[in-house]
Each structure stands twice: as C-alpha cells, then as structure tokens.
file coords.pdb (PDB, C-alpha atoms)
ATOM      1  CA  MET N   1     -32.510-125.415  74.292
ATOM      2  CA  THR N   2     -29.043-124.621  73.287
ATOM      3  CA  LYS N   3     -30.128-123.863  69.725
ATOM      4  CA  ARG N   4     -32.903-121.598  70.891
ATOM      5  CA  SER N   5     -30.584-119.714  73.195
ATOM      6  CA  VAL N   6     -28.068-119.297  70.403
ATOM      7  CA  PHE N   7     -30.774-118.122  68.050
ATOM      8  CA  SER N   8     -32.081-115.669  70.540
ATOM      9  CA  LEU N   9     -28.603-114.374  71.207
ATOM     10  CA  SER N  10     -28.024-113.922  67.484
ATOM     11  CA  ILE N  11     -31.262-112.052  67.172
ATOM     12  CA  LEU N  12     -30.284-109.929  70.131
ATOM     13  CA  LEU N  13     -26.889-109.245  68.596
ATOM     14  CA  VAL N  14     -28.482-108.290  65.284
ATOM     15  CA  PHE N  15     -30.854-106.015  67.135
ATOM     16  CA  LEU N  16     -28.028-104.481  69.094
ATOM     17  CA  PHE N  17     -25.979-104.034  65.927
ATOM     18  CA  HIS N  18     -28.903-102.372  64.249
ATOM     19  CA  VAL N  19     -29.410-100.128  67.210
ATOM     20  CA  ILE N  20     -25.742 -99.301  67.290
ATOM     21  CA  ASN N  21     -25.777 -98.454  63.566
ATOM     22  CA  THR N  22     -28.824 -96.279  63.946
ATOM     23  CA  LEU N  23     -27.251 -94.524  66.904
ATOM     24  CA  ALA N  24     -23.953 -94.160  65.111
ATOM     25  CA  GLN N  25     -25.509 -92.535  62.032
ATOM     26  CA  PRO N  26     -26.605 -89.301  63.808
ATOM     27  CA  THR N  27     -23.185 -88.938  65.345
ATOM     28  CA  ALA N  28     -21.576 -89.240  61.918
ATOM     29  CA  ALA N  29     -23.995 -86.743  60.493
ATOM     30  CA  PRO N  30     -22.912 -83.990  62.860
ATOM     31  CA  VAL N  31     -19.339 -84.681  61.917
ATOM     32  CA  GLN N  32     -20.202 -84.135  58.297
ATOM     33  CA  SER N  33     -22.127 -81.045  59.224
ATOM     34  CA  THR N  34     -19.140 -79.715  61.134
ATOM     35  CA  VAL N  35     -16.932 -80.304  58.143
ATOM     36  CA  ALA N  36     -19.461 -78.684  55.844
ATOM     37  CA  PRO N  37     -19.477 -75.406  57.796
ATOM     38  CA  THR N  38     -15.791 -74.941  57.105
ATOM     39  CA  PRO N  39     -16.426 -74.169  53.433
ATOM     40  CA  PRO N  40     -18.995 -71.537  54.448
ATOM     41  CA  ALA N  41     -16.337 -70.123  56.681
ATOM     42  CA  ASN N  42     -14.183 -69.748  53.589
ATOM     43  CA  ALA N  43     -17.142 -68.418  51.663
ATOM     44  CA  PRO N  44     -17.488 -65.366  53.891
ATOM     45  CA  ALA N  45     -13.791 -64.864  53.407
ATOM     46  CA  LYS N  46     -14.418 -64.599  49.679
ATOM     47  CA  PRO N  47     -17.076 -61.954  50.053
ATOM     48  CA  ALA N  48     -14.652 -60.193  52.325
ATOM     49  CA  THR N  49     -12.445 -59.519  49.309
ATOM     50  CA  PRO N  50     -15.299 -58.000  47.321
ATOM     51  CA  PRO N  51     -15.865 -55.486  50.110
ATOM     52  CA  THR N  52     -12.262 -54.483  49.752
ATOM     53  CA  SER N  53     -12.737 -54.158  46.014
ATOM     54  CA  ALA N  54     -15.978 -52.351  46.713
ATOM     55  CA  ALA N  55     -14.111 -50.095  49.084
ATOM     56  CA  THR N  56     -11.633 -49.352  46.340
ATOM     57  CA  PRO N  57     -14.233 -47.804  44.004
ATOM     58  CA  PRO N  58     -15.366 -45.416  46.742
ATOM     59  CA  ALA N  59     -11.730 -44.489  47.174
ATOM     60  CA  SER N  60     -11.452 -43.690  43.487
ATOM     61  CA  PRO N  61     -14.429 -41.305  43.566
ATOM     62  CA  ALA N  62     -12.894 -39.760  46.622
ATOM     63  CA  LYS N  63      -9.763 -38.954  44.600
ATOM     64  CA  PRO N  64     -11.471 -36.905  41.882
ATOM     65  CA  PRO N  65     -12.603 -34.303  44.401
ATOM     66  CA  ILE N  66      -9.003 -33.989  45.548
ATOM     67  CA  GLN N  67      -7.835 -33.599  41.963
ATOM     68  CA  SER N  68     -10.588 -31.117  41.240
ATOM     69  CA  ALA N  69      -9.485 -29.149  44.259
ATOM     70  CA  LYS N  70      -5.902 -29.150  43.034
ATOM     71  CA  ALA N  71      -6.778 -28.232  39.469
ATOM     72  CA  PRO N  72      -8.173 -24.808  40.367
ATOM     73  CA  ALA N  73      -5.247 -24.273  42.680
ATOM     74  CA  GLN N  74      -2.896 -24.569  39.711
ATOM     75  CA  SER N  75      -4.770 -21.923  37.700
ATOM     76  CA  VAL N  76      -6.254 -19.861  40.538
ATOM     77  CA  GLN N  77      -4.479 -19.567  43.863
ATOM     78  CA  VAL N  78      -7.443 -18.181  45.807
ATOM     79  CA  PRO N  79     -10.982 -19.551  45.285
ATOM     80  CA  VAL N  80     -13.916 -17.278  44.591
ATOM     81  CA  GLN N  81     -14.833 -15.267  47.678
ATOM     82  CA  LYS N  82     -18.265 -15.437  49.247
ATOM     83  CA  GLY N  83     -19.632 -12.134  50.455
ATOM     84  CA  SER N  84     -17.604  -8.951  50.133
ATOM     85  CA  ILE N  85     -14.549  -8.830  47.878
ATOM     86  CA  ASP N  86     -11.356  -7.452  49.416
ATOM     87  CA  VAL N  87      -8.250  -7.265  47.238
ATOM     88  CA  THR N  88      -5.869  -7.073  50.189
ATOM     89  CA  LYS N  89      -7.350 -10.167  51.843
ATOM     90  CA  ILE N  90      -7.122 -12.121  48.598
ATOM     91  CA  LEU N  91      -3.471 -11.163  48.187
ATOM     92  CA  ALA N  92      -2.788 -12.026  51.830
ATOM     93  CA  LYS N  93      -4.182 -15.519  51.245
ATOM     94  CA  ALA N  94      -2.034 -15.911  48.144
ATOM     95  CA  ARG N  95       1.058 -14.855  50.169
ATOM     96  CA  GLY N  96       4.139 -13.100  48.870
ATOM     97  CA  TYR N  97       2.542  -9.688  48.170
ATOM     98  CA  SER N  98       3.075  -7.810  51.448
ATOM     99  CA  VAL N  99       4.748  -4.758  49.842
ATOM    100  CA  PHE N 100       1.981  -4.353  47.267
ATOM    101  CA  ILE N 101      -0.656  -4.735  50.015
ATOM    102  CA  ARG N 102       1.070  -2.058  52.101
ATOM    103  CA  LEU N 103       1.126   0.365  49.157
ATOM    104  CA  LEU N 104      -2.533  -0.334  48.351
ATOM    105  CA  LYS N 105      -3.491   0.582  51.900
ATOM    106  CA  SER N 106      -1.183   3.602  52.318
ATOM    107  CA  THR N 107      -2.349   5.199  49.052
ATOM    108  CA  GLY N 108      -6.035   4.638  49.868
ATOM    109  CA  LEU N 109      -6.601   2.572  46.723
ATOM    110  CA  ALA N 110      -7.509  -0.532  48.743
ATOM    111  CA  ALA N 111     -10.518   1.256  50.226
ATOM    112  CA  GLN N 112     -11.510   2.654  46.829
ATOM    113  CA  LEU N 113     -11.383  -0.778  45.207
ATOM    114  CA  TYR N 114     -13.368  -2.284  48.070
ATOM    115  CA  GLY N 115     -16.113   0.314  47.662
ATOM    116  CA  GLN N 116     -16.289  -0.049  43.894
ATOM    117  CA  LEU N 117     -16.310  -3.861  43.943
ATOM    118  CA  ASN N 118     -18.961  -4.201  46.644
ATOM    119  CA  ASN N 119     -21.203  -1.208  45.927
ATOM    120  CA  SER N 120     -21.303  -1.190  42.131
ATOM    121  CA  ASN N 121     -20.996  -3.405  39.075
ATOM    122  CA  ASN N 122     -17.586  -2.018  38.130
ATOM    123  CA  GLY N 123     -14.843  -4.538  37.430
ATOM    124  CA  PHE N 124     -11.055  -4.307  37.671
ATOM    125  CA  THR N 125      -7.941  -6.174  36.585
ATOM    126  CA  VAL N 126      -4.949  -5.959  38.907
ATOM    127  CA  PHE N 127      -1.328  -6.808  38.076
ATOM    128  CA  ALA N 128       0.185  -7.692  41.464
ATOM    129  CA  PRO N 129       3.999  -7.548  41.718
ATOM    130  CA  THR N 130       5.523 -10.050  44.111
ATOM    131  CA  ASP N 131       7.724  -9.095  47.049
ATOM    132  CA  THR N 132      10.675 -10.383  45.024
ATOM    133  CA  ALA N 133       9.795  -7.928  42.251
ATOM    134  CA  PHE N 134      10.005  -5.012  44.696
ATOM    135  CA  SER N 135      13.241  -6.312  46.193
ATOM    136  CA  ASN N 136      14.801  -6.306  42.708
ATOM    137  CA  LEU N 137      14.378  -2.516  42.499
ATOM    138  CA  LYS N 138      17.233  -0.224  43.448
ATOM    139  CA  PRO N 139      17.328   0.520  47.179
ATOM    140  CA  GLY N 140      15.187   3.523  48.066
ATOM    141  CA  THR N 141      13.251   3.525  44.789
ATOM    142  CA  ILE N 142       9.825   3.448  46.418
ATOM    143  CA  ASN N 143      10.739   5.590  49.430
ATOM    144  CA  SER N 144      12.068   8.346  47.155
ATOM    145  CA  LEU N 145       8.638   8.812  45.551
ATOM    146  CA  SER N 146       6.123  11.412  46.665
ATOM    147  CA  ASP N 147       2.652  10.383  47.830
ATOM    148  CA  LEU N 148       1.189  11.333  44.456
ATOM    149  CA  GLN N 149       3.804   9.291  42.599
ATOM    150  CA  LYS N 150       3.178   6.264  44.807
ATOM    151  CA  THR N 151      -0.530   6.519  44.062
ATOM    152  CA  GLN N 152       0.126   6.802  40.323
ATOM    153  CA  LEU N 153       2.509   3.828  40.481
ATOM    154  CA  ILE N 154      -0.143   1.574  42.031
ATOM    155  CA  GLN N 155      -2.852   2.920  39.709
ATOM    156  CA  PHE N 156      -0.580   1.967  36.808
ATOM    157  CA  HIS N 157      -1.070  -1.685  37.862
ATOM    158  CA  ILE N 158      -4.894  -1.494  37.689
ATOM    159  CA  LEU N 159      -7.163  -1.689  34.630
ATOM    160  CA  ASN N 160     -10.759  -0.482  34.914
ATOM    161  CA  SER N 161     -12.309  -3.653  33.462
ATOM    162  CA  VAL N 162     -12.158  -7.419  33.954
ATOM    163  CA  ILE N 163      -9.812  -9.032  31.419
ATOM    164  CA  GLY N 164      -9.731 -12.818  31.106
ATOM    165  CA  LEU N 165      -6.685 -14.705  29.853
ATOM    166  CA  SER N 166      -8.295 -15.246  26.463
ATOM    167  CA  ASN N 167      -9.230 -11.556  26.099
ATOM    168  CA  PHE N 168      -5.787  -9.960  26.330
ATOM    169  CA  GLN N 169      -5.234 -10.491  22.625
ATOM    170  CA  THR N 170      -8.261  -8.304  21.887
ATOM    171  CA  LEU N 171      -6.849  -5.246  23.693
ATOM    172  CA  SER N 172      -5.654  -2.260  21.672
ATOM    173  CA  ASN N 173      -2.396  -0.590  22.706
ATOM    174  CA  PRO N 174      -1.672   1.489  24.623
ATOM    175  CA  VAL N 175      -3.973   0.019  27.253
ATOM    176  CA  PRO N 176      -5.525   2.672  29.546
ATOM    177  CA  THR N 177      -4.887   2.260  33.269
ATOM    178  CA  GLU N 178      -6.203   3.995  36.368
ATOM    179  CA  ALA N 179      -3.080   6.209  36.269
ATOM    180  CA  GLY N 180      -4.571   8.181  33.370
ATOM    181  CA  ASP N 181      -2.779   9.555  30.304
ATOM    182  CA  THR N 182      -1.482   6.898  27.895
ATOM    183  CA  SER N 183       0.446   9.250  25.597
ATOM    184  CA  ALA N 184       4.184   8.946  25.036
ATOM    185  CA  GLY N 185       6.209   9.794  28.101
ATOM    186  CA  GLU N 186       3.213   9.509  30.414
ATOM    187  CA  PHE N 187       1.595   6.188  31.403
ATOM    188  CA  PRO N 188       1.562   3.961  28.302
ATOM    189  CA  LEU N 189       1.053   0.232  28.901
ATOM    190  CA  ASN N 190       1.415  -2.179  25.999
ATOM    191  CA  VAL N 191       0.149  -5.756  26.150
ATOM    192  CA  THR N 192       0.989  -8.417  23.571
ATOM    193  CA  THR N 193       0.251 -12.139  23.449
ATOM    194  CA  ALA N 194       2.134 -15.117  22.045
ATOM    195  CA  GLY N 195       0.042 -18.244  22.407
ATOM    196  CA  ASN N 196      -0.814 -18.559  26.087
ATOM    197  CA  GLN N 197       1.888 -16.075  27.092
ATOM    198  CA  VAL N 198       0.992 -12.467  27.910
ATOM    199  CA  ASN N 199       3.805  -9.887  27.647
ATOM    200  CA  ILE N 200       3.609  -6.464  29.292
ATOM    201  CA  SER N 201       5.780  -3.455  28.398
ATOM    202  CA  THR N 202       5.909   0.008  29.957
ATOM    203  CA  GLY N 203       8.773   1.483  27.938
ATOM    204  CA  LEU N 204      11.104   0.831  30.869
ATOM    205  CA  VAL N 205      10.102  -2.691  31.937
ATOM    206  CA  ASN N 206       9.338  -5.778  29.881
ATOM    207  CA  THR N 207       7.854  -8.698  31.785
ATOM    208  CA  THR N 208       5.646 -11.729  31.336
ATOM    209  CA  MET N 209       2.403 -12.137  33.217
ATOM    210  CA  GLY N 210       2.498 -15.042  35.666
ATOM    211  CA  GLY N 211      -0.299 -17.196  37.033
ATOM    212  CA  THR N 212      -3.800 -16.191  37.980
ATOM    213  CA  ILE N 213      -4.247 -15.320  41.641
ATOM    214  CA  TYR N 214      -7.989 -14.688  41.574
ATOM    215  CA  PHE N 215     -10.759 -14.440  38.984
ATOM    216  CA  ASP N 216     -14.495 -13.828  39.046
ATOM    217  CA  ASN N 217     -16.951 -11.707  37.083
ATOM    218  CA  GLN N 218     -15.822  -8.489  38.814
ATOM    219  CA  LEU N 219     -12.160  -8.934  39.657
ATOM    220  CA  ALA N 220      -9.112 -10.487  38.022
ATOM    221  CA  ILE N 221      -5.716 -10.521  39.763
ATOM    222  CA  TYR N 222      -2.592 -11.714  37.946
ATOM    223  CA  ARG N 223       0.949 -12.169  39.225
ATOM    224  CA  VAL N 224       3.788 -10.203  37.655
ATOM    225  CA  ASP N 225       7.429 -10.794  38.540
ATOM    226  CA  SER N 226       8.496  -7.190  37.880
ATOM    227  CA  VAL N 227       7.189  -3.841  39.110
ATOM    228  CA  LEU N 228       5.607  -1.935  36.206
ATOM    229  CA  LEU N 229       7.510   1.373  36.144
ATOM    230  CA  PRO N 230       5.745   4.167  34.196
ATOM    231  CA  LEU N 231       7.758   6.583  32.084
ATOM    232  CA  ASP N 232       6.244   9.686  33.649
ATOM    233  CA  ILE N 233       7.708   8.847  37.065
ATOM    234  CA  PHE N 234      10.943   6.974  36.386
ATOM    235  CA  SER N 235      12.167   8.516  33.128
ATOM    236  CA  PRO N 236      13.283  12.138  32.591
ATOM    237  CA  LYS N 237      11.506  14.109  29.876
ATOM    238  CA  PRO N 238      14.037  16.670  28.569
ATOM    239  CA  LYS N 239      12.315  17.105  25.232
ATOM    240  CA  LYS N 240       8.971  17.849  26.778
ATOM    241  CA  ALA N 241      10.536  20.181  29.324
ATOM    242  CA  ALA N 242      12.554  22.042  26.649
ATOM    243  CA  ALA N 243       9.605  22.474  24.300
ATOM    244  CA  PRO N 244       7.728  25.001  26.432
ATOM    245  CA  LYS N 245      10.847  27.181  26.856
ATOM    246  CA  PRO N 246      11.263  28.083  23.173
ATOM    247  CA  ALA N 247       7.521  28.527  22.930
ATOM    248  CA  LEU N 248       7.528  30.949  25.844
ATOM    249  CA  THR N 249      10.595  32.773  24.493
ATOM    250  CA  ASP N 250       9.145  33.061  21.013
ATOM    251  CA  SER N 251       5.827  34.236  22.309
ATOM    252  CA  SER N 252       7.476  36.790  24.543
ATOM    253  CA  ASN N 253       9.697  37.973  21.683
ATOM    254  CA  THR N 254       6.740  38.103  19.383
ATOM    255  CA  THR N 255       4.784  40.008  21.949
ATOM    256  CA  ASN N 256       7.637  42.415  22.506
ATOM    257  CA  THR N 257       8.126  42.774  18.762
ATOM    258  CA  ALA N 258       4.439  43.324  18.223
ATOM    259  CA  GLU N 259       4.263  45.763  21.045
ATOM    260  CA  SER N 260       7.370  47.734  20.159
ATOM    261  CA  PRO N 261       5.971  49.360  16.953
ATOM    262  CA  SER N 262       2.788  50.332  18.713
ATOM    263  CA  ALA N 263       4.784  51.602  21.660
ATOM    264  CA  ALA N 264       6.990  53.587  19.322
ATOM    265  CA  ALA N 265       3.952  54.918  17.509
ATOM    266  CA  GLY N 266       2.359  55.722  20.811
ATOM    267  CA  GLY N 267       5.536  57.458  21.948
ATOM    268  CA  ALA N 268       5.714  59.442  18.758
ATOM    269  CA  THR N 269       2.072  60.415  19.085
ATOM    270  CA  ASP N 270       2.567  61.465  22.684
ATOM    271  CA  SER N 271       5.667  63.470  21.841
ATOM    272  CA  SER N 272       3.976  65.129  18.878
ATOM    273  CA  SER N 273       0.907  65.942  20.936
ATOM    274  CA  THR N 274       3.142  67.358  23.656
ATOM    275  CA  THR N 275       4.992  69.478  21.097
ATOM    276  CA  ASP N 276       1.739  70.783  19.629
ATOM    277  CA  THR N 277       0.473  71.675  23.084
ATOM    278  CA  ASP N 278       3.664  73.564  23.904
ATOM    279  CA  ALA N 279       3.528  75.409  20.604
ATOM    280  CA  THR N 280      -0.061  76.357  21.249
ATOM    281  CA  LYS N 281       0.901  77.655  24.656
ATOM    282  CA  VAL N 282       3.753  79.705  23.153
ATOM    283  CA  ASN N 283       1.480  81.163  20.460
ATOM    284  CA  ALA N 284      -1.158  82.015  23.005
ATOM    285  CA  SER N 285       1.359  83.761  25.243
ATOM    286  CA  GLY N 286       2.681  85.702  22.250
ATOM    287  CA  VAL N 287      -0.791  86.909  21.324
ATOM    288  CA  VAL N 288      -1.396  88.044  24.913
ATOM    289  CA  ASN N 289       1.889  89.907  24.941
ATOM    290  CA  LEU N 290       1.075  91.650  21.665
ATOM    291  CA  ARG N 291      -2.330  92.663  22.902
ATOM    292  CA  ALA N 292      -0.851  93.975  26.117
ATOM    293  CA  ASN N 293       1.733  96.000  24.171
ATOM    294  CA  LYS N 294      -0.947  97.536  21.931
ATOM    295  CA  ILE N 295      -2.890  98.700  24.984
ATOM    296  CA  LEU N 296       0.104 100.045  26.889
ATOM    297  CA  LEU N 297       1.550 101.955  23.928
ATOM    298  CA  PRO N 298      -1.232 104.634  23.688
ATOM    299  CA  ILE N 299      -1.277 104.975  27.453
ATOM    300  CA  GLY N 300       2.451 105.659  27.498
ATOM    301  CA  ILE N 301       2.165 108.265  24.692
ATOM    302  CA  ALA N 302      -0.661 109.980  26.562
ATOM    303  CA  VAL N 303       1.373 110.100  29.774
ATOM    304  CA  ILE N 304       4.411 111.565  27.985
ATOM    305  CA  ALA N 305       2.272 114.174  26.208
ATOM    306  CA  PHE N 306       0.748 115.130  29.533
ATOM    307  CA  PHE N 307       4.130 115.737  31.094
ATOM    308  CA  VAL N 308       5.367 117.663  28.079
ATOM    309  CA  ALA N 309       2.312 119.919  28.067
TER     310      ALA N 309
END
call {"tool": "encode", "arguments": {"input": "coords.pdb", "output": "structure tokens"}}
result
Amino acid sequence: MTKRSVFSLSILLVFLFHVINTLAQPTAAPVQSTVAPTPPANAPAKPATPPTSAATPPASPAKPPIQSAKAPAQSVQVPVQKGSIDVTKILAKARGYSVFIRLLKSTGLAAQLYGQLNNSNNGFTVFAPTDTAFSNLKPGTINSLSDLQKTQLIQFHILNSVIGLSNFQTLSNPVPTEAGDTSAGEFPLNVTTAGNQVNISTGLVNTTMGGTIYFDNQLAIYRVDSVLLPLDIFSPKPKKAAAPKPALTDSSNTTNTAESPSAAAGGATDSSSTTDTDATKVNASGVVNLRANKILLPIGIAVIAFFVA
C-alpha cells in the first residue's frame, strides 16, 4: 500500500510538474513578446529620421524659389507690372526718386508716357536720377529754370525706344532724346560702353549708368547717379549768339550799300527830271510872253497913230 501511494504521488507530482511547465510556458512567451516589441519601438524611431531627411529635401526646393526671387531683385528692382504701366508708380516702388517723380508730373510728361505706353506699341528708355543726384546740384538749380526748360531737362532723360543692356554698344552717337536737337550746343547725348559698364556724357556731365530699375518689352528704366544736364540749358552759347550779329550787320550794310547807288541814281533821275520840267515851264512862259508882245505891239502903234492923227 505504501508503495502504491508513493507511486501515485510521484505520478501526481509529475503531472503537476507537467501542468506547471505547460502553464509557465505561455507566461514566458508574453515576456518575450513584450521584449520583442521594444525593437519595433526603436524601428519607428529610425524611420523618424528619414522623415527629417525627407523634410530636408523639400526645404531645399523651397530655397530655390527664394533665390530666384532675389536674383531678379539684384538686376531688376521692380518686377514686371501686370495691367497698365505707370512710370511714376514703378519709381515709387523702387524708392529714392521723389524729385524725378515730381518733375515728371509737373511737366506733364508722366501723363504722356502713360498714354503712349498703354495705348500704343511705342517703347521708351528712361534714365532716372536719384534724389541724391538732385541734391548734389547747386541750390536753386532746378527752381531757376522756366517751365519749358524743366520739360526739356526731363525729356533729355528719355529715349524714344527700348534699349537693353546689351544693345547700348550698338547705338550711334549722339543719341537722340525726346528733348530734340542733338547738334553741338543743343541736346547731344553720348553713350559709350566698356564691358558691362555704360558711360553717359552730355558735354557737362559724365556719369555711369547704375542698375536696372524696370525692364519689359515696352519700357526700360535705369538708375543714374547724376542729373544729365544738357548744354542748351546749362551752358552759355556766346559763339552762336555772336554769329547772327555779324550776319545781320553785314546784310544790313550790304543792303544799304546795294541800295545807295540805286537811291543816288534815283535821286539824280528825279533831280534831272525836275530840272527838265522847270526848264520846260520857263521856255513855255517865254514863248507866251513873246506871243503876247507881238500882239500888243501893233495895237500900241495903232493907238499912237490914232492920237497923232
């Protein structure tokens, strides 16, 4: 009996041990599964870095637009306008051209440019002096000008065609402006190039063209750091003023000289004709007197004979 009870107990213990092992195995498995998830937790962390690297490429494409926006700003201060083109508004956006804007408006050229640019295919090139350029002039220089001279001064800064930076070297001097005559002493404008540099000379001012303010197929605006002073307004012209005086004097002398012989001849003719007329009158009166004497003489003889008889 004792052996059987011991045997049965051993079998029971083995069974219990087996049951305990089988029950213990699922509990261990979850532990392993809990440990296993930790690497996946790290795995998402790894993909998290790729998103950052993926976010970096989008950032790099985002930079080119910024650079492309800056690049035009270095060459052109004001982007191409949509709709109507207004020179004064473009210069106002560029800033630093308030004096030139005021002169454009007061002379009426702003309205003329607006009409030409928006109602026709005409193109213009404008050299815009900065406010500093005007402040470098002698005090009262602009205010001392007449309305006509102010208009001519602003017209001297405008060309009646669109000139790109690469086309200035093709211009022939003197370059015609809206001011008109390009002859010596009037409104000559000379443009020369040296590489990428454009030099402008008026005979009184030599300056270098600055950056591009605005450019499209109808309008080009360039900055100049000096006011372009034309000779006709700011330089005396003694030679041209003296030339007409001798010409007038010579012509008057020549006229007087040419007229004096004819006048003398005319005077002589008049005097001779007057003399002939007087002589004719004298001769006629003498003939009348003689005829009267011939008639009276017989009558007197007859009267005397009558009294004597």
call {"tool": "resolve_selection", "arguments": {"input": "coords.pdb", "expression": "the PyMOL selection byres ((chain N and resi 78) around 8)", "output": "list of chain:residue names"}}
result
N:Ala73, N:Val76, N:Gln77, N:Pro79, N:Val80, N:Ile90, N:Lys93, N:Ala94, N:Ile213, N:Tyr214
call {"tool": "write_last_selection", "arguments": {"input": "coords.pdb", "atoms": "C-alpha atoms", "output": "PDB file, in the coordinates of the input"}}
result
ATOM      1  CA  ALA N  73      -5.247 -24.273  42.680  1.00  0.00           C
ATOM      2  CA  VAL N  76      -6.254 -19.861  40.538  1.00  0.00           C
ATOM      3  CA  GLN N  77      -4.479 -19.567  43.863  1.00  0.00           C
ATOM      4  CA  PRO N  79     -10.982 -19.551  45.285  1.00  0.00           C
ATOM      5  CA  VAL N  80     -13.916 -17.278  44.591  1.00  0.00           C
ATOM      6  CA  ILE N  90      -7.122 -12.121  48.598  1.00  0.00           C
ATOM      7  CA  LYS N  93      -4.182 -15.519  51.245  1.00  0.00           C
ATOM      8  CA  ALA N  94      -2.034 -15.911  48.144  1.00  0.00           C
ATOM      9  CA  ILE N 213      -4.247 -15.320  41.641  1.00  0.00           C
ATOM     10  CA  TYR N 214      -7.989 -14.688  41.574  1.00  0.00           C
TER      11      TYR N 214
END
call {"tool": "closest_residue", "arguments": {"input": "coords.pdb", "among": "N:Val99, N:Val14, N:Leu219, N:Ile200", "to": "Ala133 of chain N", "atoms": "only C-alpha atoms"}}
result
N:Val99
call {"tool": "atom_distance", "arguments": {"input": "coords.pdb", "atom1": "atom CA of Gln116 of chain N", "atom2": "atom CA of Thr193 of chain N"}}
result
28.9 Å
call {"tool": "atom_distance", "arguments": {"input": "coords.pdb", "atom1": "atom CA of Thr207 of chain N", "atom2": "atom CA of Glu178 of chain N"}}
result
19.5 Å
call {"tool": "closest_residue", "arguments": {"input": "coords.pdb", "among": "N:Pro174, N:Gly164, N:Gly96, N:Pro188", "to": "Val126 of chain N", "atoms": "only C-alpha atoms"}}
result
N:Gly164
call {"tool": "closest_residue", "arguments": {"input": "coords.pdb", "among": "N:Tyr114, N:Phe234, N:Phe127, N:Phe168", "to": "Gly83 of chain N", "atoms": "all atoms listed in the file"}}
result
N:Tyr114
call {"tool": "residues_around", "arguments": {"input": "coords.pdb", "residues": "Gln152 of chain N", "least_positions_apart": "3", "cutoff": "10 Å", "atoms": "all atoms listed in the file", "output": "NGL selection string"}}
result
:N and (107 or 146-149 or 155-157 or 177-180 or 187 or 230 or 232-233)
call {"tool": "axis_aligned_box", "arguments": {"input": "coords.pdb", "around": "segment 87-106 of chain N", "padding_each_side": "5 Å", "output": "AutoDock Vina command-line options"}}
result
--center_x -1.8 --center_y -6.2 --center_z 49.8 --size_x 23.0 --size_y 29.5 --size_z 15.1
call {"tool": "closest_residue", "arguments": {"input": "coords.pdb", "among": "N:Thr151, N:Thr141, N:Asn118, N:Asn199", "to": "Gln169 of chain N", "atoms": "only C-alpha atoms"}}
result
N:Asn199
call {"tool": "residues_around", "arguments": {"input": "coords.pdb", "residues": "Leu103 of chain N", "least_positions_apart": "3", "cutoff": "10 Å", "atoms": "only C-alpha atoms", "output": "ChimeraX atom specification"}}
result
/N:98-100,106-110,142,150-151,153-154
call {"tool": "write_last_selection", "arguments": {"input": "coords.pdb", "atoms": "C-alpha atoms", "output": "compact mmCIF listing (two decimals), in the frame of the given file"}}
result
# COMPACT_ATOMS: atom_id res chain seq x y z
CA SER N 98 3.08 -7.81 51.45
CA VAL N 99 4.75 -4.76 49.84
CA PHE N 100 1.98 -4.35 47.27
CA SER N 106 -1.18 3.60 52.32
CA THR N 107 -2.35 5.20 49.05
CA GLY N 108 -6.04 4.64 49.87
CA LEU N 109 -6.60 2.57 46.72
CA ALA N 110 -7.51 -0.53 48.74
CA ILE N 142 9.82 3.45 46.42
CA LYS N 150 3.18 6.26 44.81
CA THR N 151 -0.53 6.52 44.06
CA LEU N 153 2.51 3.83 40.48
CA ILE N 154 -0.14 1.57 42.03
call {"tool": "residues_around", "arguments": {"input": "coords.pdb", "residues": "Asn190 of chain N", "least_positions_apart": "5", "cutoff": "10 Å", "atoms": "all atoms listed in the file", "output": "count of residues only"}}
result
13
call {"tool": "atom_distance", "arguments": {"input": "coords.pdb", "atom1": "atom CA of Gly211 of chain N", "atom2": "atom CA of Thr130 of chain N"}}
result
11.6 Å
